[in-house]
Amino acid sequence: MSDKEENFISRIKEVESTNLARDEIRDEVIETKKAVEKDNDLLAEKIHQIFKNYNIKSFDIVGAIGAGKTALLEAISEKITSKYRVLVICGDITTRVDADRIEKHRAETIQINTGRECALNAYHVHQIIKNKDLKNYDVIFIENVGNLICPSDFILGTDKRLIVVSTTEGEWVVEKHPMLFEMSDIAVINKIDLKERLGTDVDKMVSDAKKINPKIEVITTSAKTGENIEKLMNLMGL
Amino acid sequence: MKEELIKIEEIIKNFDTIEKSDIKALMLRVFTKLKSRLENYVGDYPTFIEPVYLEDNVKIGDDVLLGPNVYIGANSVIEDYVEISNTIIFENSTIGQNFKLENCVVAKNSSLNFKNFNIKNCVLVGPAKSKNELKSIEF
């Protein structure tokens with residue numbers, strides 16, 4: 001490969017948005033991006049089949065930093081690890097803070113530090129599962145990197161995707177982030193214990209989620225008090 | 001883990017016996033015992049999939065994916081766009097730009113100073129400035 005070609009590939013890797021590409025390379029950038037997305041989708045399909053073959057229930061959990069994804073996983077792990085063998089894959093740009101928290105509730109954890117990448121992709125998940133004996137697990141949770149944008153670019157091959165938002169993010173958070181609600185199966189509105197104090201219009205959040213995705217199941221929870229955690233687990237089939 | 005690493009280093013000194021050695025089993029034992037150690041590297045924010053063990057003063061370039069099951073010896077350099085999994089790299093080695101290594105062992109002091117190389121299930125011994133200069137054996 002010539003230096004020119006290498007520079008071109010490097011440039012493609014750096015271009016996150018097509019409109020940043022110069023006119024001369026625009027077509028190739030678009031084709032490359034399409035190919036990468038297709039590769040992710042194919043790998044996600046493969047992962048889904050692998051999980052099915054091993055009879056593993058799998059969940060991708062997305063949401064902003066501080067919405068309560070980890071707290072919900074702590075609460076759920078606490079309740080189910082006596083019944084199921086649980087693996088939690090935690091995505092964060094750095095640290096294993098979340099993995100350490102969840103591990104205290106008897107779930108096995110693997111941390112992925114994504115560095116400058118703002119979402120997990122199917123390749124990350126596949127790298128883990130191909131190195132694991134999946135006979136040892138009944139449930140796999142994938143806690144995605146905390147944000148409400150990037151994870152919409154990559155499906156991971158799980159049975160269900162949960163989106164977690166919270167009353168502290170304000171009642172506009174749902175309508176401002178439609179992509180992830182469109183592609184999720186369950187919407188969790190967490191920190192319901194703070195609803196009165198914050199004055200958040202939770203009804204609006206519920207109706208916005210339903211408007212964006214009429215098929216989505218919406219549930220309000222408090223990971224802190226345990227409110228509706230059992231109901232959430234029922235929705236998840238756990 | 002250190003014990004297995006010493007044995008692997010001994011095995012790779014003699015290319016003729018690698019194929020018949022228990023290198024695969026030893027690598028598996030290293031990976032089973034491997035815990036992440038990420039505190040002491042120099043560079044940007046790579047992607048790490050646990051477990052990844054970095055000895056002191058490992059330099060890591062941009063857009064690098066390490067893990068799972070990666071051990072990198074002290075003073076090694078990982079150039080840009082590298083991906084490494086299930087691999088042991090002994091100290092003072094350099095992995096060139098856009099290398100993809102899976103299930104490999106890189107001998108110590110192996111400066112692999114070339115680009116764009118994708119290989120699996122191999123012992124690699126440098127120094128090498130091109131693929132042709134690289135000593136490698138599959139296992």
# chains A, B, ... in the order shown; residues from 1 in each chain; ligands from 1
$ interface_residues --of "chain A" --to "chain B" --cutoff "6 Å" --atoms "only C-alpha atoms" --output "PDB file with C-alpha atoms, in the first residue's frame"
ATOM      1  CA  GLN A 111     -14.915  -3.766  31.223  1.00  0.00           C
ATOM      2  CA  ILE A 112     -14.414  -2.299  27.782  1.00  0.00           C
ATOM      3  CA  ASN A 113     -12.735   1.098  27.804  1.00  0.00           C
ATOM      4  CA  THR A 114     -13.594   2.635  24.487  1.00  0.00           C
ATOM      5  CA  GLY A 115     -11.143   5.539  24.703  1.00  0.00           C
TER       6      GLY A 115
END
$ residues_around --residues "region 168-184 of chain A" --least-positions-apart "5" --cutoff "7 Å" --atoms "only C-alpha atoms" --output "VMD selection string"
chain A and resid 148 152 161 to 163 200 to 202 204 to 205 208 to 209 212 to 213 216
$ write_last_selection --atoms "N, CA and C atoms" --output "PDB file, in the first residue's frame"
ATOM      1  N   LEU A 148     -26.709   9.532  24.774  1.00  0.00           N
ATOM      2  CA  LEU A 148     -27.973   9.208  24.098  1.00  0.00           C
ATOM      3  C   LEU A 148     -27.881   9.369  22.580  1.00  0.00           C
ATOM      4  N   SER A 152     -26.899   4.754  18.916  1.00  0.00           N
ATOM      5  CA  SER A 152     -27.900   4.521  17.867  1.00  0.00           C
ATOM      6  C   SER A 152     -27.246   4.100  16.546  1.00  0.00           C
ATOM      7  N   ARG A 161     -33.223  -4.025  23.606  1.00  0.00           N
ATOM      8  CA  ARG A 161     -32.470  -2.827  23.979  1.00  0.00           C
ATOM      9  C   ARG A 161     -33.332  -2.019  24.952  1.00  0.00           C
ATOM     10  N   LEU A 162     -32.725  -1.636  26.064  1.00  0.00           N
ATOM     11  CA  LEU A 162     -33.405  -0.785  27.042  1.00  0.00           C
ATOM     12  C   LEU A 162     -32.792   0.599  26.983  1.00  0.00           C
ATOM     13  N   ILE A 163     -33.643   1.604  26.959  1.00  0.00           N
ATOM     14  CA  ILE A 163     -33.122   2.961  27.086  1.00  0.00           C
ATOM     15  C   ILE A 163     -33.517   3.486  28.461  1.00  0.00           C
ATOM     16  N   THR A 200     -40.621  17.292  37.623  1.00  0.00           N
ATOM     17  CA  THR A 200     -40.508  16.814  36.234  1.00  0.00           C
ATOM     18  C   THR A 200     -41.847  16.247  35.753  1.00  0.00           C
ATOM     19  N   ASP A 201     -42.232  16.593  34.534  1.00  0.00           N
ATOM     20  CA  ASP A 201     -43.493  16.113  33.958  1.00  0.00           C
ATOM     21  C   ASP A 201     -43.261  14.713  33.371  1.00  0.00           C
ATOM     22  N   VAL A 202     -43.413  13.700  34.207  1.00  0.00           N
ATOM     23  CA  VAL A 202     -43.144  12.322  33.785  1.00  0.00           C
ATOM     24  C   VAL A 202     -44.175  11.843  32.759  1.00  0.00           C
ATOM     25  N   LYS A 204     -45.452  13.495  30.399  1.00  0.00           N
ATOM     26  CA  LYS A 204     -44.970  13.949  29.080  1.00  0.00           C
ATOM     27  C   LYS A 204     -43.874  13.010  28.566  1.00  0.00           C
ATOM     28  N   MET A 205     -42.983  12.623  29.465  1.00  0.00           N
ATOM     29  CA  MET A 205     -41.897  11.723  29.040  1.00  0.00           C
ATOM     30  C   MET A 205     -42.474  10.409  28.525  1.00  0.00           C
ATOM     31  N   ASP A 208     -44.265  11.058  25.167  1.00  0.00           N
ATOM     32  CA  ASP A 208     -43.281  11.306  24.098  1.00  0.00           C
ATOM     33  C   ASP A 208     -42.653   9.994  23.612  1.00  0.00           C
ATOM     34  N   ALA A 209     -42.323   9.134  24.569  1.00  0.00           N
ATOM     35  CA  ALA A 209     -41.709   7.847  24.193  1.00  0.00           C
ATOM     36  C   ALA A 209     -42.670   7.038  23.339  1.00  0.00           C
ATOM     37  N   ILE A 212     -42.984   8.515  19.814  1.00  0.00           N
ATOM     38  CA  ILE A 212     -41.828   8.186  18.957  1.00  0.00           C
ATOM     39  C   ILE A 212     -41.865   6.726  18.528  1.00  0.00           C
ATOM     40  N   ASN A 213     -42.207   5.850  19.462  1.00  0.00           N
ATOM     41  CA  ASN A 213     -42.211   4.416  19.180  1.00  0.00           C
ATOM     42  C   ASN A 213     -43.430   3.779  19.859  1.00  0.00           C
ATOM     43  N   ILE A 216     -42.985   0.635  22.033  1.00  0.00           N
ATOM     44  CA  ILE A 216     -42.066   0.585  23.172  1.00  0.00           C
ATOM     45  C   ILE A 216     -42.842   0.410  24.490  1.00  0.00           C
TER      46      ILE A 216
END
$ atom_distance --atom1 "CA of Gly68 (chain A)" --atom2 "CA of Ile192 (chain A)"
11.2 Å
$ closest_atom_pairs --of "region 38-132 of chain B" --to "region 22-28 of chain B" --cutoff "10 Å" --atoms "only C-alpha atoms" --output "tab-separated table"
residue	atom	partner	partner_atom	distance
B:Asn69	CA	B:Leu28	CA	9.1
B:Asn86	CA	B:Met27	CA	8.3
B:Thr87	CA	B:Met27	CA	8.2
B:Ile88	CA	B:Met27	CA	7.9
B:Asn103	CA	B:Met27	CA	8.7
B:Cys104	CA	B:Met27	CA	9.3
B:Val105	CA	B:Met27	CA	8.9
B:Asn121	CA	B:Lys24	CA	9.2
B:Val123	CA	B:Ile23	CA	9.9
$ write_last_selection --atoms "C-alpha atoms" --output "PDB file, in the first residue's frame"
ATOM      1  CA  ASN B  69      -6.073 -11.267  26.640  1.00  0.00           C
ATOM      2  CA  ASN B  86      -4.884 -13.079  22.703  1.00  0.00           C
ATOM      3  CA  THR B  87      -1.243 -12.109  22.341  1.00  0.00           C
ATOM      4  CA  ILE B  88       1.912 -11.856  24.416  1.00  0.00           C
ATOM      5  CA  ASN B 103      -3.041 -15.315  19.171  1.00  0.00           C
ATOM      6  CA  CYS B 104       0.644 -14.447  18.694  1.00  0.00           C
ATOM      7  CA  VAL B 105       3.825 -14.204  20.711  1.00  0.00           C
ATOM      8  CA  ASN B 121      -1.285 -18.079  15.579  1.00  0.00           C
ATOM      9  CA  VAL B 123       5.611 -16.575  17.061  1.00  0.00           C
TER      10      VAL B 123
END
$ select_by_dssp --residues "region 11-173 of chain A" --states "alpha helix (DSSP H)" --output "JSON, numbers by chain"
{"A": [11, 12, 13, 14, 26, 27, 28, 29, 30, 31, 32, 33, 34, 35, 36, 37, 38, 39, 40, 41, 42, 43, 44, 45, 46, 47, 48, 49, 50, 51, 52, 53, 69, 70, 71, 72, 73, 74, 75, 76, 77, 78, 79, 80, 97, 98, 99, 100, 101, 102, 103, 122, 123, 124, 125, 126, 127, 128, 129, 173]}
